[in-house]
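Enquirer: Here you go, this is coords_35.txt (compact mmCIF, C-alpha atoms).
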```txt
# COMPACT_ATOMS: atom_id res chain seq x y z
CA MET A 1 -35.89 53.99 44.70
CA LEU A 2 -32.70 55.32 46.14
CA PRO A 3 -32.36 56.69 49.67
CA LYS A 4 -28.80 57.17 50.99
CA THR A 5 -27.42 56.45 47.54
CA GLY A 6 -28.10 59.70 45.76
CA ARG A 7 -28.74 60.79 42.22
CA ALA A 8 -25.19 59.98 41.09
CA PHE A 9 -25.69 56.30 41.89
CA GLY A 10 -29.18 56.39 40.38
CA ASP A 11 -27.77 57.71 37.13
CA ARG A 12 -25.15 54.93 37.10
CA LEU A 13 -27.88 52.37 37.67
CA LEU A 14 -29.94 53.75 34.79
CA ARG A 15 -26.93 53.77 32.45
CA GLU A 16 -26.19 50.16 33.31
CA ALA A 17 -29.83 49.19 32.73
CA ARG A 18 -29.83 50.91 29.33
CA GLU A 19 -26.70 49.03 28.32
CA LEU A 20 -28.63 45.86 29.16
CA GLY A 21 -31.51 46.95 26.92
CA TRP A 22 -33.86 48.43 29.54
CA ASP A 23 -35.07 52.00 29.97
CA GLY A 24 -36.51 53.49 33.12
CA GLU A 25 -37.32 56.44 35.35
CA LEU A 26 -35.51 57.45 38.54
CA LEU A 27 -37.35 58.28 41.77
CA LEU A 28 -35.34 59.44 44.79
CA THR A 29 -37.05 58.57 48.08
CA GLU A 30 -36.70 60.39 51.38
CA SER A 31 -36.90 59.52 55.05
CA GLY A 32 -40.46 58.70 56.06
CA LEU A 33 -43.32 57.00 54.29
CA ASN A 34 -42.72 56.70 50.54
CA VAL A 35 -45.38 54.16 49.60
CA GLU A 36 -47.78 56.80 48.28
CA ALA A 37 -45.08 58.55 46.22
CA ILE A 38 -43.86 55.27 44.74
CA GLY A 39 -47.42 54.17 43.99
CA ALA A 40 -48.16 57.51 42.28
CA ALA A 41 -45.04 57.10 40.12
CA LEU A 42 -46.07 53.58 39.15
CA SER A 43 -49.56 54.76 38.22
CA ARG A 44 -48.27 57.32 35.73
CA ASP A 45 -47.30 54.70 33.17
CA ASP A 46 -47.53 51.01 32.40
CA TYR A 47 -44.32 49.79 34.06
CA ALA A 48 -43.20 46.20 33.61
CA LEU A 49 -40.96 46.25 36.70
CA VAL A 50 -39.94 48.41 39.65
CA VAL A 51 -36.41 48.11 41.06
CA ALA A 52 -35.74 48.90 44.74
CA ALA A 53 -32.17 50.09 45.30
CA GLY A 54 -31.69 50.51 49.03
CA GLY A 55 -31.91 48.79 52.40
CA ASP A 56 -34.66 46.71 53.96
CA GLY A 57 -36.90 49.68 54.80
CA THR A 58 -36.85 50.93 51.22
CA VAL A 59 -37.39 47.42 49.87
CA ALA A 60 -40.49 47.04 52.07
CA GLU A 61 -41.91 50.37 50.87
CA VAL A 62 -41.32 49.51 47.22
CA MET A 63 -42.88 46.08 47.75
CA ALA A 64 -45.92 47.66 49.39
CA ALA A 65 -46.46 50.05 46.47
CA ALA A 66 -45.83 47.26 43.96
CA HIS A 67 -48.34 45.07 45.79
CA GLN A 68 -50.98 47.77 45.46
CA ARG A 69 -50.22 48.22 41.73
CA GLU A 70 -49.53 44.53 40.98
CA VAL A 71 -46.07 45.27 39.54
CA PRO A 72 -43.14 42.83 39.98
CA VAL A 73 -40.10 43.93 42.02
CA GLY A 74 -36.36 43.61 41.54
CA ILE A 75 -33.95 44.27 44.43
CA VAL A 76 -30.54 45.99 44.26
CA PRO A 77 -29.22 45.80 47.85
CA ARG A 78 -27.66 49.08 49.06
CA GLY A 79 -28.40 49.20 52.80
CA THR A 80 -26.50 48.25 55.95
CA ALA A 81 -27.92 44.76 56.40
CA ASN A 82 -29.85 43.92 53.18
CA ILE A 83 -31.51 41.02 54.96
CA VAL A 84 -34.42 40.65 52.54
CA ALA A 85 -32.00 40.29 49.61
CA ARG A 86 -29.88 37.79 51.54
CA GLU A 87 -32.95 35.83 52.63
CA LEU A 88 -33.88 35.46 48.95
CA GLY A 89 -30.34 34.51 47.92
CA LEU A 90 -29.76 37.60 45.76
CA PRO A 91 -26.30 38.88 44.72
CA PRO A 92 -24.71 41.33 47.19
CA THR A 93 -23.25 43.78 44.62
CA TRP A 94 -25.39 46.20 42.62
CA ARG A 95 -24.14 45.28 39.13
CA ARG A 96 -24.60 41.55 39.67
CA ALA A 97 -28.00 42.16 41.23
CA LEU A 98 -29.16 44.31 38.32
CA ARG A 99 -27.87 41.85 35.70
CA ARG A 100 -29.67 39.02 37.48
CA ILE A 101 -32.93 40.99 37.47
CA VAL A 102 -32.65 41.64 33.74
CA SER A 103 -31.63 38.09 32.85
CA ARG A 104 -34.32 36.39 34.94
CA PHE A 105 -37.29 38.71 34.38
CA PRO A 106 -40.18 37.80 34.60
CA SER A 107 -39.34 34.62 36.52
CA GLY A 108 -39.66 35.15 40.26
CA ARG A 109 -41.13 34.21 43.62
CA ALA A 110 -44.32 35.37 45.31
CA ILE A 111 -43.55 36.37 48.91
CA ASP A 112 -45.57 37.57 51.87
CA LEU A 113 -45.66 41.06 53.36
CA ALA A 114 -46.76 42.24 56.79
CA ARG A 115 -49.01 45.26 57.18
CA VAL A 116 -47.65 46.94 60.33
CA ASN A 117 -49.46 49.91 61.91
CA ASP A 118 -49.62 52.48 59.10
CA GLY A 119 -46.92 50.86 56.96
CA TYR A 120 -45.50 47.57 55.76
CA ALA A 121 -42.65 45.20 56.63
CA ALA A 122 -40.92 42.65 54.46
CA LEU A 123 -38.70 41.34 57.25
CA ALA A 124 -39.78 42.02 60.85
CA ALA A 125 -41.06 44.53 63.37
CA GLY A 126 -40.50 44.60 67.09
CA ILE A 127 -40.61 46.30 70.47
CA GLY A 128 -37.82 46.08 73.03
CA PHE A 129 -34.20 45.10 72.61
CA ASP A 130 -34.21 45.21 68.80
CA ALA A 131 -35.54 48.79 68.71
CA THR A 132 -32.91 49.80 71.30
CA VAL A 133 -30.13 48.42 69.12
CA MET A 134 -31.48 50.02 65.95
CA ARG A 135 -31.93 53.40 67.62
CA TYR A 136 -28.64 53.62 69.50
CA THR A 137 -26.11 51.91 67.22
CA PRO A 138 -23.69 54.75 66.34
CA PRO A 139 -23.68 55.70 62.64
CA ALA A 140 -19.87 55.38 62.58
CA LEU A 141 -20.15 51.77 63.75
CA LYS A 142 -22.59 50.97 60.93
CA TYR A 143 -20.37 52.77 58.41
CA TRP A 144 -17.18 50.89 59.32
CA LEU A 145 -18.62 47.49 60.23
CA GLY A 146 -21.83 47.30 58.18
CA ARG A 147 -24.36 44.84 59.58
CA ALA A 148 -21.75 43.58 62.08
CA GLY A 149 -22.10 46.96 63.78
CA TYR A 150 -25.54 45.92 65.02
CA LEU A 151 -24.06 42.76 66.53
CA VAL A 152 -21.39 44.76 68.36
CA ALA A 153 -24.00 47.18 69.70
CA GLY A 154 -26.30 44.29 70.60
CA ALA A 155 -23.56 42.56 72.57
CA TRP A 156 -23.11 45.78 74.56
CA TRP A 157 -26.82 46.35 75.23
CA LEU A 158 -28.03 42.78 75.84
CA PRO A 159 -26.71 42.35 79.42
CA ARG A 160 -28.22 45.72 80.35
CA GLU A 161 -31.61 45.48 78.64
CA PRO A 162 -34.43 45.16 81.21
CA LEU A 163 -37.56 43.08 80.83
CA PHE A 164 -40.83 44.93 80.32
CA GLU A 165 -44.46 43.91 80.69
CA CYS A 166 -46.57 43.67 77.54
CA SER A 167 -49.98 42.48 76.45
CA ILE A 168 -50.40 40.46 73.25
CA ARG A 169 -53.49 39.57 71.26
CA ALA A 170 -52.62 36.88 68.72
CA ASP A 171 -55.42 35.70 66.40
CA GLY A 172 -57.94 36.66 69.09
CA GLU A 173 -56.13 35.00 72.02
CA GLU A 174 -54.82 37.31 74.75
CA LEU A 175 -51.83 36.93 77.07
CA THR A 176 -49.77 39.16 79.34
CA LEU A 177 -46.09 38.52 80.05
CA ASP A 178 -42.69 40.11 80.46
CA ALA A 179 -40.08 40.16 77.72
CA VAL A 180 -36.78 41.61 76.57
CA ALA A 181 -38.11 41.82 73.00
CA VAL A 182 -41.30 40.95 71.13
CA MET A 183 -40.89 40.40 67.38
CA VAL A 184 -43.38 39.89 64.57
CA VAL A 185 -41.35 38.17 61.85
CA ASN A 186 -41.95 37.53 58.16
CA ALA A 187 -38.42 36.36 57.22
CA GLY A 188 -36.04 34.43 59.41
CA MET A 189 -32.56 35.97 59.14
CA LEU A 190 -31.48 38.04 62.15
CA GLY A 191 -28.79 40.57 61.25
CA ALA A 192 -26.05 38.21 60.10
CA ALA A 193 -25.46 34.51 59.59
CA PRO A 194 -25.78 32.19 61.37
CA PHE A 195 -28.38 33.96 63.53
CA ARG A 196 -32.10 33.55 62.80
CA PHE A 197 -35.08 34.81 64.79
CA ALA A 198 -36.35 31.27 65.36
CA PRO A 199 -36.57 27.93 63.54
CA GLY A 200 -38.99 27.35 60.68
CA ILE A 201 -39.63 30.95 59.58
CA VAL A 202 -40.32 31.18 55.84
CA ILE A 203 -40.94 34.34 53.81
CA ASP A 204 -43.69 32.81 51.67
CA ASP A 205 -45.60 30.44 53.96
CA GLY A 206 -48.62 32.74 54.46
CA TRP A 207 -47.89 33.21 58.19
CA LEU A 208 -46.13 35.64 60.50
CA ASP A 209 -44.09 34.31 63.41
CA LEU A 210 -44.62 35.87 66.83
CA CYS A 211 -41.33 35.53 68.71
CA VAL A 212 -41.15 36.54 72.37
CA TYR A 213 -37.74 36.56 74.06
CA ARG A 214 -37.94 36.59 77.86
CA PRO A 215 -34.68 35.45 79.51
CA HIS A 216 -34.45 36.48 83.16
CA ASN A 217 -30.74 35.91 83.85
CA PRO A 218 -27.40 35.60 82.02
CA ALA A 219 -27.69 31.80 81.67
CA GLU A 220 -31.11 32.06 80.04
CA ARG A 221 -29.86 34.82 77.71
CA ALA A 222 -26.99 32.58 76.67
CA ARG A 223 -29.44 29.75 75.88
CA VAL A 224 -31.55 32.09 73.75
CA LEU A 225 -28.47 33.22 71.79
CA TRP A 226 -27.43 29.59 71.28
CA SER A 227 -30.88 28.75 69.98
CA LEU A 228 -30.78 31.70 67.56
CA MET A 229 -27.37 30.64 66.30
CA THR A 230 -28.10 26.91 65.91
CA HIS A 231 -31.69 27.32 64.60
CA GLN A 232 -32.83 24.72 67.11
CA PRO A 233 -35.28 24.87 70.03
CA GLY A 234 -33.61 24.80 73.39
CA ALA A 235 -34.36 28.07 75.12
CA GLY A 236 -37.31 26.59 77.02
CA GLY A 237 -39.69 29.17 78.47
CA SER A 238 -37.17 31.92 77.74
CA MET A 239 -38.33 32.02 74.13
CA LEU A 240 -41.85 31.60 72.78
CA GLN A 241 -42.73 31.18 69.11
CA ARG A 242 -46.12 30.98 67.45
CA LYS A 243 -47.49 31.18 63.90
CA VAL A 244 -50.09 33.95 63.57
CA ARG A 245 -52.18 35.70 60.93
CA SER A 246 -52.63 38.89 62.94
CA VAL A 247 -51.23 40.21 66.21
CA GLU A 248 -51.31 43.29 68.43
CA VAL A 249 -48.56 44.05 70.96
CA LYS A 250 -48.83 46.79 73.60
CA ALA A 251 -45.87 47.65 75.82
CA PRO A 252 -46.61 50.63 78.13
CA ASP A 253 -42.99 51.03 79.28
CA ARG A 254 -41.49 51.11 75.76
CA GLN A 255 -41.24 54.35 73.80
CA TRP A 256 -39.93 52.99 70.51
CA HIS A 257 -40.54 50.22 68.03
CA GLU A 258 -38.83 49.28 64.78
CA VAL A 259 -40.12 48.15 61.40
CA ASP A 260 -37.55 46.62 59.04
CA GLY A 261 -34.79 48.50 60.87
CA ASP A 262 -36.49 51.91 60.82
CA VAL A 263 -37.23 53.17 64.34
CA HIS A 264 -40.54 54.86 65.18
CA ARG A 265 -41.94 56.42 68.34
CA GLY A 266 -44.80 54.45 69.88
CA ASN A 267 -45.52 51.50 72.15
CA VAL A 268 -48.04 49.58 70.01
CA LEU A 269 -47.51 47.17 67.11
CA ARG A 270 -50.41 45.91 65.03
CA ALA A 271 -49.53 43.47 62.26
CA GLU A 272 -51.27 41.15 59.83
CA VAL A 273 -49.92 38.98 57.05
CA ILE A 274 -50.60 39.63 53.35
CA PRO A 275 -49.95 36.21 51.76
CA LYS A 276 -48.17 36.10 48.37
CA ALA A 277 -48.33 39.89 48.26
CA VAL A 278 -45.61 40.67 45.76
CA HIS A 279 -43.74 38.96 42.91
CA VAL A 280 -39.95 39.34 43.36
CA ILE A 281 -37.42 38.59 40.61
CA VAL A 282 -35.00 36.05 42.07
```
As structure tokens - that is how I would like this structure written.

Expert:
Amino acid sequence: MLPKTGRAFGDRLLREARELGWDGELLLTESGLNVEAIGAALSRDDYALVVAAGGDGTVAEVMAAAHQREVPVGIVPRGTANIVARELGLPPTWRRALRRIVSRFPSGRAIDLARVNDGYAALAAGIGFDATVMRYTPPALKYWLGRAGYLVAGAWWLPREPLFECSIRADGEELTLDAVAVMVVNAGMLGAAPFRFAPGIVIDDGWLDLCVYRPHNPAERARVLWSLMTHQPGAGGSMLQRKVRSVEVKAPDRQWHEVDGDVHRGNVLRAEVIPKAVHVIV
């Protein structure tokens, strides 16, 4: 599954797989929802494995289709951040990643997914600051700096990002508060080491983590950043974290949200965990 990599790379990947004794079929994905197309491809034959070659959004779509068809997944990281692959400790280069998949199949790890609105997330979804960064980071910055481009853009936007009012229903409990960002997280890594969304987030614990960041001044924003970098509590009321099975977030003043780095129009996030949803070759 190969967005932003093209048929030429797909053909190289297939040649390499054949040299390792595996045969396969290439499916090029496009911008938008690909779960149905991937699922239809998997239903045409009895596949032993599906390999996702792409970034976190593609990986989540492949995992969703594989979950529906009960097919194991291998990951060849080819995106800007590749956070899911890094969270699972997978090799960063495509040849090493492919060779690891082949050598370790069928051994793997069952991980959770989040069903978010009409799609799925392997990593996280959010409203607020994160969606701003994803939407407005210049493509040239991502091209030259990779995942560090998001950190540069985030450093520019953070002092300027306003708080917004939102309502949250978490496992039936309701609250209303203001925030800079509201995240629903399945895996803990935030962009680049050493930053993590919050302490104690695990990709296969059967829970989602609701993380609400609500610093009101520069000192509180600095404490939140320190907490994200050190993986320790310490932000006080400026950061709230809670384990949830399902959650709904409504933010009337926000026009965008993001799911695994892909930005969508809309001010509502609905998410629920799918425990042990997919078997990943690690």

Enquirer: With all atoms listed in the file as the counted atoms, please give the residues lying no more than 7 Å from region 59-72 of chain A, apart from itself and same-chain residues fewer than 3 positions off, as a list of chain:residue names.

Expert: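 My list of contacting residues is A:Asn34, A:Val35, A:Ile38, A:Gly39, A:Ala48, A:Leu49, A:Val50, A:Ala52, A:Gly54, A:Gly55, A:Asp56, A:Tyr120, A:Ala121, A:Ala122, A:Ala277, A:Val278, A:His279, A:Val280.
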
Enquirer: Would you save the residues of that selection, restricted to C-alpha atoms, as a PDB file, in the frame of the given file?

Expert:
```pdb
ATOM      1  CA  ASN A  34     -42.720  56.700  50.540  1.00  0.00           C
ATOM      2  CA  VAL A  35     -45.380  54.160  49.600  1.00  0.00           C
ATOM      3  CA  ILE A  38     -43.860  55.270  44.740  1.00  0.00           C
ATOM      4  CA  GLY A  39     -47.420  54.170  43.990  1.00  0.00           C
ATOM      5  CA  ALA A  48     -43.200  46.200  33.610  1.00  0.00           C
ATOM      6  CA  LEU A  49     -40.960  46.250  36.700  1.00  0.00           C
ATOM      7  CA  VAL A  50     -39.940  48.410  39.650  1.00  0.00           C
ATOM      8  CA  ALA A  52     -35.740  48.900  44.740  1.00  0.00           C
ATOM      9  CA  GLY A  54     -31.690  50.510  49.030  1.00  0.00           C
ATOM     10  CA  GLY A  55     -31.910  48.790  52.400  1.00  0.00           C
ATOM     11  CA  ASP A  56     -34.660  46.710  53.960  1.00  0.00           C
ATOM     12  CA  TYR A 120     -45.500  47.570  55.760  1.00  0.00           C
ATOM     13  CA  ALA A 121     -42.650  45.200  56.630  1.00  0.00           C
ATOM     14  CA  ALA A 122     -40.920  42.650  54.460  1.00  0.00           C
ATOM     15  CA  ALA A 277     -48.330  39.890  48.260  1.00  0.00           C
ATOM     16  CA  VAL A 278     -45.610  40.670  45.760  1.00  0.00           C
ATOM     17  CA  HIS A 279     -43.740  38.960  42.910  1.00  0.00           C
ATOM     18  CA  VAL A 280     -39.950  39.340  43.360  1.00  0.00           C
TER      19      VAL A 280
END
```

Enquirer: Any idea what the distance is between CA of Arg242 (chain A) and CA of Asp204 (chain A)?

Expert: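 CA of Arg242 (chain A) sits 16.1 Å away from CA of Asp204 (chain A).
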
Enquirer: How far is it from CA of Val212 (chain A) to CA of Thr58 (chain A), in Å with one decimal?

Expert: 25.9 Å

Enquirer: What is the CA of Leu210 (chain A) to CA of Gly188 (chain A) distance in Å?

Expert: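 The value is 11.4 Å.
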
Enquirer: Tell me which of A:Gly172, A:Gly237, A:Pro162, A:Gly261 sits closest to Leu190 (chain A), counting all atoms listed in the file.

Expert: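 Smallest separation from Leu190 (chain A) among the options: A:Gly261.
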
Enquirer: Just give me the residues with any atom within 6 Å of (-26.3, 48.9, 44.4), file coordinates, counting only C-alpha atoms, written as a ChimeraX atom specification.

Expert: /A:76-78,93-94

Enquirer: Residues near Pro194 (chain A), anyone? I mean within 12 Å using all atoms listed in the file, not counting same-chain ones fewer than 2 positions away, as a PyMOL selection string.

Expert: chain A and resi 87+151+188-192+196-199+225-232

Enquirer: Using all atoms listed in the file, can you tell me which of A:Asp118, A:Asp46, A:Asp260, A:Glu272 comes closest to Ile83 (chain A)?

Expert: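 Smallest separation from Ile83 (chain A) among the options: A:Asp260.
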
Enquirer: Could you check which of A:Arg221, A:Leu269, A:Leu208, A:Phe105 is closest to Glu161 (chain A), using all atoms listed in the file?

Expert: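 Smallest separation from Glu161 (chain A) among the options: A:Arg221.
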
Enquirer: For region 4-13 of chain A, work out the shell of residues within 9 Å, counting only C-alpha atoms and skipping chain neighbours fewer than 4 positions away, then give it as a ChimeraX atom specification.

Expert: /A:17-18,26-30,53-54,78-79,94-95,98

Enquirer: Extract, using only C-alpha atoms, all DNA, RNA and protein residues at most 10 Å from Ala131 (chain A), discarding same-chain residues fewer than 6 positions from it, and format them as a list in words.

Expert: Ala125, Ala181, Arg254, Gln255, Trp256, His257, Glu258, Val259, Gly261, Asp262, Val263, His264 and Arg265 of chain A

Enquirer: Select, from A:Ser107, A:Val247, A:Ala140, A:Glu220, the residue with the minimum atom-to-atom distance to Leu175 (chain A), counting only C-alpha atoms.

Expert: A:Val247

Enquirer: For each of A:Ala251, A:Ile101, A:Ala219, A:Met134, take the minimum atom-to-atom distance to Gly236 (chain A), counting only C-alpha atoms, then give the residue where this is smallest.

Expert: A:Ala219

Enquirer: So, with all atoms listed in the file as the atoms that count, which of A:Pro139, A:Ser167, A:Asp209, A:Ser238 lies closest to Ala222 (chain A)?

Expert: A:Ser238

Enquirer: Select all residues near (-52.1, 49.7, 66.6) (cut-off 10 Å, inclusive, file coordinates), counting all atoms listed in the file, and output them as a PyMOL selection string.

Expert: chain A and resi 116-118+247-250+266-271
